>>> print(open('start-v2.txt').read())   # compact mmCIF, C-alpha atoms and all ligand atoms
# COMPACT_ATOMS: atom_id res chain seq x y z
CA MET A 25 153.48 -4.95 -171.48
CA GLN A 26 152.11 -4.94 -174.98
CA ASP A 27 154.46 -7.75 -176.05
CA ALA A 28 153.32 -9.84 -173.15
CA ASP A 29 149.69 -9.27 -174.09
CA VAL A 30 150.33 -10.36 -177.67
CA ARG A 31 152.24 -13.39 -176.49
CA GLY A 32 149.42 -14.31 -174.12
CA ARG A 33 146.86 -14.13 -176.91
CA PHE A 34 149.03 -16.19 -179.21
CA HIS A 35 149.33 -18.93 -176.60
CA VAL A 36 145.62 -18.97 -176.02
CA THR A 37 145.06 -19.17 -179.74
CA ALA A 38 147.46 -22.11 -180.05
CA ALA A 39 145.65 -23.86 -177.23
CA TRP A 40 142.34 -23.27 -178.97
CA VAL A 41 143.71 -24.94 -182.08
CA ARG A 42 144.41 -28.02 -179.97
CA ARG A 43 140.94 -27.81 -178.50
CA ILE A 44 139.37 -27.58 -181.92
CA SER A 45 141.35 -30.65 -183.01
CA LEU A 46 140.04 -32.44 -179.94
CA LEU A 47 136.53 -31.39 -180.81
CA ALA A 48 136.93 -32.87 -184.27
CA VAL A 49 137.87 -36.15 -182.65
CA LEU A 50 134.89 -35.93 -180.33
CA LEU A 51 132.47 -35.18 -183.10
CA GLY A 52 133.80 -37.96 -185.23
CA ALA A 53 133.48 -40.51 -182.48
CA VAL A 54 130.07 -39.84 -181.02
CA SER A 55 126.77 -38.62 -182.30
CA ALA A 56 127.27 -34.99 -183.21
CA THR A 57 124.36 -34.01 -181.00
CA ALA A 58 126.08 -35.19 -177.83
CA PHE A 59 128.78 -32.53 -177.79
CA ASP A 60 128.63 -28.78 -177.82
CA GLU A 61 130.04 -27.15 -180.91
CA GLU A 62 131.63 -24.43 -178.85
CA GLN A 63 134.19 -25.60 -176.32
CA PRO A 64 133.75 -23.33 -173.30
CA GLY A 65 136.29 -25.01 -171.01
CA VAL A 66 139.37 -23.33 -169.66
CA VAL A 67 142.35 -23.16 -171.98
CA TYR A 68 145.89 -23.95 -170.84
CA PRO A 69 148.18 -21.40 -172.49
CA ASN A 70 151.35 -23.36 -171.72
CA GLY A 71 149.91 -26.76 -172.45
CA VAL A 72 149.50 -29.33 -169.73
CA VAL A 73 152.75 -30.17 -168.03
CA THR A 74 153.42 -33.59 -166.62
CA PRO A 75 156.05 -34.60 -164.08
CA ARG A 76 158.68 -37.31 -164.40
CA ARG A 77 158.09 -39.68 -161.52
CA ASP A 78 161.16 -41.73 -162.46
CA LEU A 79 163.33 -38.91 -161.09
CA TRP A 80 162.11 -39.66 -157.58
CA PRO A 81 164.97 -41.84 -156.33
CA ASP A 82 163.11 -43.94 -153.75
CA PRO A 83 160.63 -46.78 -154.18
CA ILE A 84 157.14 -45.88 -152.99
CA ASP A 85 156.32 -49.26 -151.53
CA SER A 86 155.09 -48.49 -148.04
CA ALA A 87 153.01 -45.95 -146.17
CA ALA A 88 156.19 -44.28 -144.92
CA GLU A 89 157.55 -43.96 -148.47
CA PHE A 90 154.22 -42.62 -149.69
CA ASP A 91 154.33 -40.01 -146.93
CA ARG A 92 157.88 -38.95 -147.73
CA ALA A 93 157.10 -38.49 -151.42
CA SER A 94 153.89 -36.70 -150.39
CA ARG A 95 155.75 -34.26 -148.10
CA ALA A 96 158.20 -33.52 -150.90
CA GLU A 97 155.44 -32.68 -153.41
CA ILE A 98 153.61 -30.60 -150.79
CA LEU A 99 156.73 -28.55 -150.02
CA VAL A 100 157.41 -27.85 -153.70
CA PHE A 101 153.79 -26.81 -154.28
CA ALA A 102 153.69 -24.68 -151.14
CA HIS A 103 156.92 -22.94 -152.13
CA ALA A 104 155.33 -22.00 -155.46
CA LEU A 105 152.21 -20.89 -153.59
CA ALA A 106 154.25 -18.63 -151.30
CA ASP A 107 155.95 -17.16 -154.39
CA SER A 108 152.59 -16.50 -156.02
CA GLU A 109 151.57 -14.31 -153.09
CA THR A 110 154.39 -11.88 -153.83
CA PHE A 111 152.91 -10.98 -157.23
CA GLY A 112 151.05 -7.69 -157.50
CA ASP A 113 147.48 -7.80 -158.76
CA ASP A 114 148.60 -6.35 -162.09
CA VAL A 115 150.73 -9.34 -163.14
CA TRP A 116 147.99 -11.94 -163.20
CA LYS A 117 146.69 -11.25 -166.72
CA ASP A 118 150.10 -11.87 -168.25
CA ARG A 119 150.98 -14.74 -165.98
CA LEU A 120 147.71 -16.59 -166.55
CA GLY A 121 147.24 -15.61 -170.18
CA ILE A 122 143.65 -14.41 -169.78
CA ASP A 123 142.00 -11.03 -170.22
CA THR A 124 139.68 -10.89 -167.22
CA VAL A 125 140.99 -11.75 -163.78
CA ASP A 126 138.98 -11.97 -160.58
CA VAL A 127 141.76 -11.09 -158.14
CA ASP A 128 139.58 -11.64 -155.06
CA SER A 129 138.87 -15.14 -156.26
CA ILE A 130 142.63 -15.78 -156.68
CA HIS A 131 143.28 -14.60 -153.13
CA HIS A 132 140.48 -16.78 -151.80
CA THR A 133 141.88 -19.82 -153.62
CA GLN A 134 145.42 -19.12 -152.38
CA HIS A 135 144.06 -19.05 -148.82
CA ASP A 136 142.15 -22.26 -149.41
CA LEU A 137 145.21 -23.98 -150.89
CA TRP A 138 147.35 -22.98 -147.89
CA GLN A 139 144.88 -24.62 -145.56
CA ARG A 140 144.85 -27.83 -147.57
CA VAL A 141 148.61 -28.17 -147.97
CA SER A 142 149.22 -27.26 -144.30
CA GLN A 143 146.82 -29.96 -143.14
CA ASN A 144 148.22 -32.48 -145.60
CA TYR A 145 151.79 -31.77 -144.53
CA ALA A 146 150.88 -32.27 -140.88
CA ILE A 147 149.29 -35.63 -141.77
CA ALA A 148 152.22 -36.69 -143.96
CA ALA A 149 154.73 -35.69 -141.26
CA ARG A 150 153.11 -37.65 -138.43
CA GLY A 151 155.44 -40.61 -138.86
CA CYS A 152 158.61 -38.58 -139.38
CA ALA A 153 161.69 -40.19 -137.90
CA ALA A 154 164.64 -38.10 -136.72
CA ASP A 155 166.59 -36.59 -139.61
CA GLU A 156 164.24 -38.05 -142.20
CA ALA A 157 164.02 -36.18 -145.48
CA PHE A 158 161.37 -33.48 -145.98
CA CYS A 159 160.33 -33.51 -142.32
CA PRO A 160 159.68 -30.40 -140.20
CA ALA A 161 162.83 -28.79 -138.82
CA THR A 162 160.96 -27.66 -135.72
CA PRO A 163 157.92 -29.08 -133.97
CA GLU A 164 155.95 -25.82 -134.04
CA ALA A 165 152.78 -26.27 -136.04
CA ASN A 166 152.92 -22.78 -137.51
CA SER A 167 156.34 -23.30 -139.05
CA PHE A 168 155.04 -24.97 -142.22
CA ARG A 169 154.87 -21.72 -144.13
CA GLN A 170 158.47 -20.86 -143.23
CA GLU A 171 159.53 -24.40 -144.17
CA ALA A 172 157.87 -24.00 -147.54
CA GLU A 173 159.33 -20.55 -148.18
CA ALA A 174 162.83 -21.76 -147.36
CA PHE A 175 162.50 -25.00 -149.35
CA SER A 176 165.04 -25.00 -152.16
CA SER A 177 167.49 -27.10 -154.09
CA ASP A 178 170.24 -25.91 -151.69
CA ILE A 179 168.80 -27.61 -148.62
CA ILE A 180 167.84 -31.01 -149.99
CA GLN A 181 170.01 -34.08 -150.30
CA PRO A 182 171.85 -34.31 -153.65
CA ARG A 183 169.98 -37.47 -154.61
CA TYR A 184 166.71 -35.53 -154.77
CA LYS A 185 167.98 -32.62 -156.89
CA ALA A 186 166.95 -33.97 -160.30
CA TRP A 187 163.47 -34.72 -158.94
CA PHE A 188 163.32 -31.26 -157.33
CA ASP A 189 163.95 -29.36 -160.58
CA ASP A 190 161.33 -31.36 -162.43
CA ALA A 191 158.78 -31.22 -159.60
CA THR A 192 159.22 -27.45 -159.35
CA ARG A 193 158.49 -27.08 -163.06
CA PHE A 194 155.40 -29.27 -162.75
CA GLN A 195 153.95 -27.84 -159.55
CA GLU A 196 154.48 -24.20 -160.60
CA THR A 197 152.58 -24.83 -163.81
CA TYR A 198 149.90 -26.82 -162.01
CA LEU A 199 149.46 -23.99 -159.48
CA ASN A 200 149.09 -21.54 -162.37
CA ASP A 201 146.40 -23.78 -163.84
CA LEU A 202 144.51 -23.74 -160.53
CA LEU A 203 144.86 -19.96 -160.19
CA ARG A 204 143.67 -19.56 -163.78
CA LEU A 205 140.51 -21.47 -162.85
CA ALA A 206 140.20 -19.21 -159.79
CA ALA A 207 140.72 -16.05 -161.87
CA LEU A 208 137.75 -17.03 -164.05
CA PHE A 209 135.52 -17.98 -161.13
CA PRO A 210 132.65 -17.29 -160.59
CA SER A 211 131.86 -15.45 -163.85
CA SER A 212 132.91 -18.44 -165.96
CA ASN A 213 132.69 -21.02 -163.27
CA ASN A 214 134.41 -24.36 -163.02
CA GLU A 215 135.52 -27.01 -160.56
CA ILE A 216 137.87 -24.82 -158.47
CA GLU A 217 135.19 -23.87 -155.95
CA ILE A 218 131.78 -24.97 -154.73
CA PHE A 219 128.69 -22.76 -154.45
CA ASN A 220 126.96 -24.64 -151.63
CA GLY A 221 127.18 -27.67 -149.34
CA ASN A 222 125.35 -29.85 -151.84
CA GLU A 223 128.34 -29.76 -154.19
CA MET A 224 131.36 -32.00 -153.65
CA ARG A 225 134.90 -32.01 -155.02
CA GLY A 226 136.46 -34.86 -153.07
CA TRP A 227 138.15 -33.00 -150.23
CA LYS A 228 135.95 -34.66 -147.62
CA LEU A 229 137.20 -38.14 -148.37
CA GLN A 230 139.47 -39.61 -145.76
CA ASP A 231 143.24 -39.41 -146.04
CA ARG A 232 144.51 -41.69 -148.85
CA HIS A 233 141.02 -42.41 -150.14
CA PHE A 234 140.45 -41.91 -153.86
CA LEU A 235 137.27 -42.27 -155.90
CA LEU A 236 137.56 -43.03 -159.62
CA SER A 237 135.20 -41.20 -161.95
CA PHE A 238 134.72 -41.45 -165.72
CA ASP A 239 132.95 -38.93 -167.94
CA ASP A 240 131.46 -38.47 -171.40
CA GLY A 241 130.43 -42.05 -172.18
CA PRO A 242 129.03 -44.32 -173.15
CA THR A 243 130.82 -44.96 -176.43
CA PRO A 244 128.84 -46.91 -179.04
CA GLY A 245 130.32 -50.30 -178.12
CA PRO A 246 132.61 -52.85 -179.77
CA LYS A 247 129.93 -54.12 -182.16
CA ARG A 248 130.23 -50.80 -183.92
CA GLU A 249 133.93 -51.31 -184.39
CA GLY A 250 135.30 -52.46 -187.71
CA PRO A 251 138.32 -52.01 -189.95
CA SER A 252 137.22 -48.66 -191.26
CA GLU A 253 135.13 -47.58 -188.31
CA ASP A 254 135.89 -45.64 -185.22
CA SER A 255 138.49 -47.29 -183.01
CA LYS A 256 137.23 -45.48 -179.93
CA ALA A 257 133.86 -47.20 -180.01
CA ALA A 258 134.82 -49.78 -177.37
CA ASN A 259 136.42 -47.39 -174.86
CA THR A 260 133.58 -47.55 -172.34
CA ASP A 261 133.59 -51.36 -172.50
CA LEU A 262 137.36 -51.50 -172.12
CA THR A 263 137.23 -49.17 -169.13
CA LEU A 264 134.56 -51.26 -167.42
CA ASP A 265 136.44 -54.51 -168.11
CA MET A 266 139.60 -52.99 -166.70
CA LEU A 267 137.86 -51.97 -163.46
CA ARG A 268 136.36 -55.42 -162.98
CA ARG A 269 139.70 -57.12 -163.63
CA ASN A 270 141.24 -54.95 -160.94
CA HIS A 271 138.38 -55.49 -158.46
CA VAL A 272 137.48 -51.82 -158.13
CA ASN A 273 134.60 -49.73 -159.33
CA GLY A 274 133.92 -46.11 -160.15
CA VAL A 275 131.23 -43.61 -160.94
CA PHE A 276 130.35 -42.92 -164.56
CA PHE A 277 128.86 -39.59 -165.55
CA SER A 278 127.13 -40.36 -168.81
CA LEU A 279 125.57 -38.21 -171.50
CA GLY A 280 121.85 -38.84 -171.98
CA ALA A 281 122.04 -38.70 -175.79
CA SER A 282 124.91 -41.20 -175.96
CA PHE A 283 123.23 -43.43 -173.37
CA GLN A 284 120.01 -43.40 -175.34
CA ALA A 285 121.85 -44.20 -178.60
CA ARG A 286 123.59 -47.18 -177.02
CA LEU A 287 120.37 -48.36 -175.40
CA ARG A 288 118.57 -48.26 -178.76
CA ASP A 289 121.39 -50.27 -180.28
CA SER A 290 121.27 -52.91 -177.55
CA SER A 291 118.76 -53.58 -174.75
CA VAL A 292 117.99 -52.74 -171.15
CA ASP A 293 119.49 -56.06 -170.06
CA ALA A 294 122.65 -55.38 -172.05
CA MET A 295 122.97 -51.98 -170.39
CA LYS A 296 122.47 -53.56 -166.96
CA THR A 297 125.20 -56.07 -167.69
CA LEU A 298 127.49 -53.37 -169.04
CA TYR A 299 127.34 -51.23 -165.89
CA SER A 300 126.86 -54.03 -163.36
CA GLY A 301 128.61 -53.24 -160.06
CA MET A 302 129.34 -49.65 -161.08
CA CYS A 303 127.68 -46.35 -160.22
CA ILE A 304 126.25 -44.15 -162.92
CA GLY A 305 125.04 -40.58 -162.75
CA SER A 306 124.28 -37.87 -165.29
CA HIS A 307 126.60 -35.58 -167.24
CA GLY A 308 123.62 -33.86 -168.88
CA TRP A 309 121.79 -34.76 -172.06
CA THR A 310 124.53 -33.30 -174.25
CA HIS A 311 127.98 -31.95 -173.55
CA LYS A 312 127.12 -28.28 -173.20
CA SER A 313 127.92 -25.79 -170.48
CA HIS A 314 124.98 -25.96 -168.08
CA ALA A 315 125.74 -22.37 -167.07
CA ARG A 316 124.93 -21.04 -170.57
CA TRP A 317 122.11 -23.27 -171.71
CA PRO A 318 118.54 -22.07 -171.12
CA GLN A 319 117.27 -25.67 -171.18
CA TRP A 320 119.81 -26.96 -168.65
CA GLN A 321 117.12 -28.14 -166.23
CA ASP A 322 115.52 -30.28 -168.95
CA SER A 323 118.96 -31.69 -169.76
CA VAL A 324 119.54 -32.72 -166.15
CA ALA A 325 116.03 -34.08 -165.62
CA SER A 326 115.77 -36.08 -168.86
CA SER A 327 119.23 -37.66 -168.65
CA SER A 328 118.82 -38.54 -164.95
CA LYS A 329 115.39 -40.09 -165.59
CA LEU A 330 116.62 -42.16 -168.54
CA ILE A 331 119.60 -43.53 -166.61
CA HIS A 332 117.53 -44.15 -163.47
CA ASP A 333 114.73 -45.92 -165.31
CA THR A 334 117.15 -48.09 -167.29
CA LEU A 335 119.61 -48.90 -164.51
CA PRO A 336 117.87 -48.48 -161.14
CA ASP A 337 120.53 -50.52 -159.30
CA SER A 338 123.53 -48.66 -160.68
CA TYR A 339 122.00 -45.18 -160.82
CA VAL A 340 123.23 -42.64 -158.28
CA PRO A 341 121.48 -39.26 -157.88
CA ALA A 342 124.52 -37.31 -158.91
CA PHE A 343 125.11 -34.78 -161.67
CA ARG A 344 128.47 -33.67 -162.99
CA PRO A 345 128.22 -30.50 -165.08
CA PRO A 346 130.18 -30.55 -168.36
CA TYR A 347 133.35 -28.46 -167.89
CA GLY A 348 132.27 -28.12 -164.24
CA GLN A 349 130.06 -25.21 -165.30
CA ARG A 350 126.73 -24.64 -163.57
CA LEU A 351 124.82 -21.54 -162.58
CA PRO A 352 125.82 -20.05 -159.22
CA ASP A 353 122.17 -20.08 -158.11
CA SER A 354 121.40 -23.60 -159.33
CA GLY A 355 121.72 -25.04 -155.80
CA PRO A 356 117.99 -25.01 -154.89
CA TYR A 357 117.11 -26.86 -158.12
CA PHE A 358 119.50 -29.72 -157.37
CA GLN A 359 118.49 -29.84 -153.71
CA ARG A 360 114.78 -30.02 -154.62
CA ARG A 361 115.48 -32.93 -156.94
CA GLY A 362 117.74 -34.70 -154.44
CA LEU A 363 120.72 -34.54 -156.79
CA LYS A 364 124.26 -34.01 -155.64
CA VAL A 365 126.56 -31.91 -157.85
CA VAL A 366 129.82 -33.82 -158.13
CA LEU A 367 132.99 -32.06 -159.29
CA TRP A 368 136.57 -33.31 -158.88
CA ASN A 369 139.86 -32.26 -157.34
CA ILE A 370 142.32 -34.39 -159.33
CA ASP A 371 142.14 -33.75 -163.06
CA SER A 372 143.97 -36.44 -165.01
CA HIS A 373 143.81 -34.52 -168.33
CA ASP A 374 143.37 -37.90 -170.00
CA TRP A 375 141.36 -36.23 -172.77
CA ASP A 376 144.42 -34.33 -174.00
CA ASP A 377 145.81 -35.84 -177.19
CA ALA A 378 149.15 -34.20 -176.46
CA LEU A 379 149.61 -36.55 -173.48
CA THR A 380 150.55 -40.22 -173.56
CA PRO A 381 149.03 -42.65 -171.04
CA ASP A 382 152.36 -42.53 -169.23
CA ASP A 383 152.16 -38.72 -168.99
CA VAL A 384 148.68 -39.04 -167.53
CA ARG A 385 149.81 -41.70 -165.06
CA GLN A 386 152.69 -39.58 -163.77
CA ARG A 387 150.52 -36.50 -163.48
CA VAL A 388 147.89 -38.34 -161.44
CA MET A 389 150.56 -39.92 -159.21
CA SER A 390 152.06 -36.53 -158.32
CA LEU A 391 148.60 -35.07 -157.65
CA MET A 392 147.64 -38.04 -155.48
CA LEU A 393 150.80 -37.47 -153.44
CA LEU A 394 150.03 -33.75 -153.17
CA TRP A 395 146.32 -33.96 -152.27
CA ARG A 396 146.26 -37.36 -150.55
CA ARG A 397 142.51 -37.80 -151.18
CA GLY A 398 139.92 -37.00 -153.73
CA ILE A 399 137.84 -37.64 -156.78
CA VAL A 400 139.97 -38.41 -159.82
CA LEU A 401 138.54 -37.27 -163.15
CA PHE A 402 139.00 -39.67 -166.06
CA HIS A 403 137.00 -40.18 -169.26
CA ASP A 404 135.71 -43.54 -170.46
CA PHE A 405 135.21 -41.78 -173.79
CA PHE A 406 138.98 -41.68 -174.29
CA PRO A 407 141.41 -44.60 -174.36
CA ARG A 408 143.95 -43.52 -171.76
CA ALA A 409 142.15 -44.39 -168.53
CA HIS A 410 142.06 -48.11 -169.16
CA ALA A 411 145.82 -48.07 -169.61
CA VAL A 412 146.54 -45.73 -166.68
CA VAL A 413 144.28 -46.93 -163.86
CA PRO A 414 145.72 -50.47 -163.57
CA ARG A 415 149.19 -48.99 -163.18
CA LEU A 416 147.98 -46.65 -160.46
CA ILE A 417 146.37 -49.56 -158.65
CA SER A 418 149.47 -51.73 -158.86
CA TRP A 419 151.68 -48.79 -157.86
CA LEU A 420 149.74 -48.46 -154.61
CA GLY A 421 148.69 -52.08 -154.21
CA HIS A 422 151.17 -52.62 -151.38
CA ASP A 423 150.15 -49.49 -149.59
CA ASP A 424 147.17 -48.55 -147.49
CA VAL A 425 145.61 -46.38 -150.15
CA THR A 426 141.91 -47.07 -150.60
CA TRP A 427 140.04 -46.96 -153.89
CA VAL A 428 136.67 -45.90 -152.63
CA ASN A 429 133.72 -48.13 -153.40
CA CYS A 430 131.30 -45.87 -155.25
CA HIS A 431 128.33 -47.58 -153.57
CA ASP A 432 129.56 -46.43 -150.17
CA VAL A 433 129.54 -42.74 -151.06
CA ASP A 434 126.52 -40.80 -149.85
CA TRP A 435 125.20 -39.47 -153.14
CA SER A 436 121.97 -38.13 -151.78
CA GLY A 437 121.47 -34.49 -152.59
CA GLY A 438 119.83 -31.95 -150.36
CA ASN A 439 120.79 -30.59 -146.99
CA ARG A 440 121.27 -33.88 -145.20
CA SER A 441 124.08 -34.96 -147.47
CA ALA A 442 126.79 -32.47 -146.63
CA ALA A 443 127.88 -33.96 -143.32
CA ARG A 444 128.21 -37.48 -144.67
CA SER A 445 129.55 -36.80 -148.12
CA GLY A 446 133.04 -37.88 -147.17
CA ASP A 447 131.93 -41.17 -145.68
CA ALA A 448 133.07 -44.10 -147.68
CA THR A 449 134.72 -47.44 -147.13
CA SER A 450 137.04 -49.65 -149.06
CA ASN A 451 136.36 -50.75 -152.60
CA GLN A 452 138.68 -53.68 -152.45
CA ASN A 453 136.78 -55.61 -149.81
CA ARG A 454 133.63 -56.03 -151.84
ZN ZN A 501 132.68 -34.03 -169.91
>>> encode(input="start-v2.txt", output="structure tokens")
Amino acid sequence: MQDADVRGRFHVTAAWVRRISLLAVLLGAVSATAFDEEQPGVVYPNGVVTPRRDLWPDPIDSAAEFDRASRAEILVFAHALADSETFGDDVWKDRLGIDTVDVDSIHHTQHDLWQRVSQNYAIAARGCAADEAFCPATPEANSFRQEAEAFSSDIIQPRYKAWFDDATRFQETYLNDLLRLAALFPSSNNEIEIFNGNEMRGWKLQDRHFLLSFDDGPTPGPKREGPSEDSKAANTDLTLDMLRRNHVNGVFFSLGASFQARLRDSSVDAMKTLYSGMCIGSHGWTHKSHARWPQWQDSVASSSKLIHDTLPDSYVPAFRPPYGQRLPDSGPYFQRRGLKVVLWNIDSHDWDDALTPDDVRQRVMSLMLLWRRGIVLFHDFFPRAHAVVPRLISWLGHDDVTWVNCHDVDWSGGNRSAARSGDATSNQNR
């Protein structure tokens, strides 16, 4: 037990070293006032694992192929989920590498995950032909759990075995990451759960609908770039250009301080041109946890006002808390101000310097197959999104996946928004 504790602490420490390196990059690239000096996000003791999509032996070039690959990912994840329910409450600290574990929150999340994967499997299995791979053995609706428990390398066709081993490694680690978020919730809260109906994560989008989101910008802009200057300065511009070239849009959650700096360096008209056709909401004035910052309301109000007053056509009344952290009782504040709190359910991890763009792409692909809908978290601050997103779009260009038009999302905060928050139509038709 003691060894495991020491090992857990060592892993957390190693992860913190990576985080601190990341912070150095952040601080070097953007005004030091825009980012918190203490990184309060969740650490990943085992690093972030990515899958190898090339081990999947079939092309994913039709709705039926998408569904088959989706069923396969769902079964692997659900098998890991079933396994996780056999652990006693005492094993979580070691398994998750953290000192304080909210076991009730883990159980709640496990229950929630079962509901989502059961529903997704039923949707993905609707078109199952006789004897098709990864389809239900029996028509009974309640057999999914047994299917998942029995799912193993022994019962799948040999051609899928290499994929299976890799997918099992990925989905087990990904499940641990989700349960780690749950174990910390609500005391150190994050995106794993919502506090009220005015918060959204992306689950209410329709099947195969995905909304792109980009955080932490804007970067200073290409004019700031030079031989000896920061090469990340143009990342926001490159991300926006990429979206326009691919005829999609997305929602940007920008930092007030960075937005103000770029505005001072350019003009209102330049900012309007920069974000034309996009949606832009607030990520706070600076990148601090809004659950630990006494002035968090000022941060939300001042950044939202600046963005609204500068870009009234692109502004959406939406706030994304840095690290997903907001106070559990902050709901009435956001409802009074008509702001929706927007989280995410597909985390690309594109900020992680340990991952290549290809790692990020494969991770997002597997999570899109697993969850089949949602808000994908990218960062225009970092360079990976503008390499990854075009490949995702071309991967699914032949399919009936929809990249949601950010202007069709109901961003309005307050009580009336909850019922319509999943309503959205296609991005590609505009
Ligand atoms: Zn952020």
>>> residues_near_ligand(input="start-v2.txt", ligand="ligand ZN 501 (chain A)", cutoff="6 Å", atoms="only C-alpha atoms and all ligand atoms", output="JSON, numbers by chain")
{"A": [239, 240, 346, 347]}
>>> closest_residue(input="start-v2.txt", among="A:Ala146, A:Val365, A:Leu279, A:Leu105", to="Gly221 in chain A", atoms="only C-alpha atoms")
A:Val365
>>> closest_residue(input="start-v2.txt", among="A:His422, A:Arg288, A:Arg396, A:His307", to="Ala93 in chain A", atoms="only C-alpha atoms")
A:Arg396
>>> residues_around(input="start-v2.txt", residues="Gly355 in chain A", least_positions_apart="3", cutoff="8 Å", atoms="only C-alpha atoms", output="list of chain:residue names")
A:Phe219, A:Asn220, A:Asn222, A:Pro352, A:Phe358, A:Gln359
>>> closest_residue(input="start-v2.txt", among="A:Ser129, A:Ser326, A:Gln349, A:Ser94", to="Ser306 in chain A", atoms="only C-alpha atoms")
A:Ser326
>>> closest_residue(input="start-v2.txt", among="A:Phe59, A:Pro83, A:Gly305, A:Leu262", to="Trp419 in chain A", atoms="all atoms listed in the file")
A:Pro83
>>> atom_distance(input="start-v2.txt", atom1="CA of Val125 in chain A", atom2="CA of Leu208 in chain A")
6.2 Å
>>> atom_distance(input="start-v2.txt", atom1="CA of Ile331 in chain A", atom2="CA of Asp353 in chain A")
25.1 Å
>>> atom_distance(input="start-v2.txt", atom1="CA of Asp189 in chain A", atom2="CA of Trp80 in chain A")
10.9 Å
>>> closest_residue(input="start-v2.txt", among="A:Arg150, A:His103, A:Arg286, A:Lys247", to="Leu137 in chain A", atoms="all atoms listed in the file")
A:His103
>>> residues_around(input="start-v2.txt", residues="Asp91 in chain A", least_positions_apart="3", cutoff="12 Å", atoms="all atoms listed in the file", output="number ranges by chain")
A: 82-88, 94-98, 144-153, 156-159, 231-232, 392-396, 423-425
>>> residues_near_point(input="start-v2.txt", point="(129.2, -56.5, -169.5)", cutoff="9 Å", atoms="only C-alpha atoms", output="list in words")
Asp261, Leu264, Asp265, Ala294, Met295, Lys296, Thr297, Leu298, Tyr299 and Ser300 of chain A
>>> closest_residue(input="start-v2.txt", among="A:Ile218, A:Ala325, A:Ile179, A:Val388", to="Pro75 in chain A", atoms="all atoms listed in the file")
A:Val388
>>> residues_near_point(input="start-v2.txt", point="(120.9, -23.6, -170.4)", cutoff="12 Å", atoms="all atoms listed in the file", output="list in words")
Asp60, Gly308, Trp309, Thr310, His311, Lys312, Ser313, His314, Ala315, Arg316, Trp317, Pro318, Gln319, Trp320, Gln321, Asp322, Ser323, Val324, Pro345, Pro346, Gln349, Arg350, Leu351 and Ser354 of chain A
>>> residues_around(input="start-v2.txt", residues="Arg204 in chain A", least_positions_apart="6", cutoff="12 Å", atoms="all atoms listed in the file", output="PDB file with C-alpha atoms, keeping the file's coordinate frame")
ATOM      1  CA  GLY A  65     136.290 -25.010-171.010  1.00  0.00           C
ATOM      2  CA  VAL A  66     139.370 -23.330-169.660  1.00  0.00           C
ATOM      3  CA  VAL A  67     142.350 -23.160-171.980  1.00  0.00           C
ATOM      4  CA  TYR A  68     145.890 -23.950-170.840  1.00  0.00           C
ATOM      5  CA  PRO A  69     148.180 -21.400-172.490  1.00  0.00           C
ATOM      6  CA  ASN A  70     151.350 -23.360-171.720  1.00  0.00           C
ATOM      7  CA  TRP A 116     147.990 -11.940-163.200  1.00  0.00           C
ATOM      8  CA  LYS A 117     146.690 -11.250-166.720  1.00  0.00           C
ATOM      9  CA  ASP A 118     150.100 -11.870-168.250  1.00  0.00           C
ATOM     10  CA  ARG A 119     150.980 -14.740-165.980  1.00  0.00           C
ATOM     11  CA  LEU A 120     147.710 -16.590-166.550  1.00  0.00           C
ATOM     12  CA  GLY A 121     147.240 -15.610-170.180  1.00  0.00           C
ATOM     13  CA  ILE A 122     143.650 -14.410-169.780  1.00  0.00           C
ATOM     14  CA  ASP A 123     142.000 -11.030-170.220  1.00  0.00           C
ATOM     15  CA  THR A 124     139.680 -10.890-167.220  1.00  0.00           C
ATOM     16  CA  VAL A 125     140.990 -11.750-163.780  1.00  0.00           C
ATOM     17  CA  ASP A 126     138.980 -11.970-160.580  1.00  0.00           C
ATOM     18  CA  VAL A 127     141.760 -11.090-158.140  1.00  0.00           C
ATOM     19  CA  SER A 129     138.870 -15.140-156.260  1.00  0.00           C
ATOM     20  CA  ILE A 130     142.630 -15.780-156.680  1.00  0.00           C
ATOM     21  CA  HIS A 131     143.280 -14.600-153.130  1.00  0.00           C
ATOM     22  CA  THR A 133     141.880 -19.820-153.620  1.00  0.00           C
ATOM     23  CA  GLN A 134     145.420 -19.120-152.380  1.00  0.00           C
ATOM     24  CA  THR A 197     152.580 -24.830-163.810  1.00  0.00           C
ATOM     25  CA  TYR A 198     149.900 -26.820-162.010  1.00  0.00           C
ATOM     26  CA  PRO A 210     132.650 -17.290-160.590  1.00  0.00           C
ATOM     27  CA  SER A 212     132.910 -18.440-165.960  1.00  0.00           C
ATOM     28  CA  ASN A 213     132.690 -21.020-163.270  1.00  0.00           C
ATOM     29  CA  ASN A 214     134.410 -24.360-163.020  1.00  0.00           C
ATOM     30  CA  GLU A 215     135.520 -27.010-160.560  1.00  0.00           C
ATOM     31  CA  ILE A 216     137.870 -24.820-158.470  1.00  0.00           C
TER      32      ILE A 216
END
>>> decode(input="start-v2.txt", residues="range 284-295 of chain A", atoms="C-alpha atoms", output="tab-separated table (two decimals), in the first residue's frame")
chain	number	residue	atom	x	y	z
A	284	GLN	CA	-7.89	43.75	-25.24
A	285	ALA	CA	-4.17	43.52	-26.08
A	286	ARG	CA	-4.92	42.47	-29.65
A	287	LEU	CA	-7.59	45.14	-30.00
A	288	ARG	CA	-5.14	47.83	-28.86
A	289	ASP	CA	-2.64	46.56	-31.40
A	290	SER	CA	-5.15	46.64	-34.25
A	291	SER	CA	-8.66	48.11	-34.51
A	292	VAL	CA	-12.31	47.27	-34.01
A	293	ASP	CA	-12.69	46.72	-37.75
A	294	ALA	CA	-9.68	44.40	-37.80
A	295	MET	CA	-11.19	42.39	-34.95
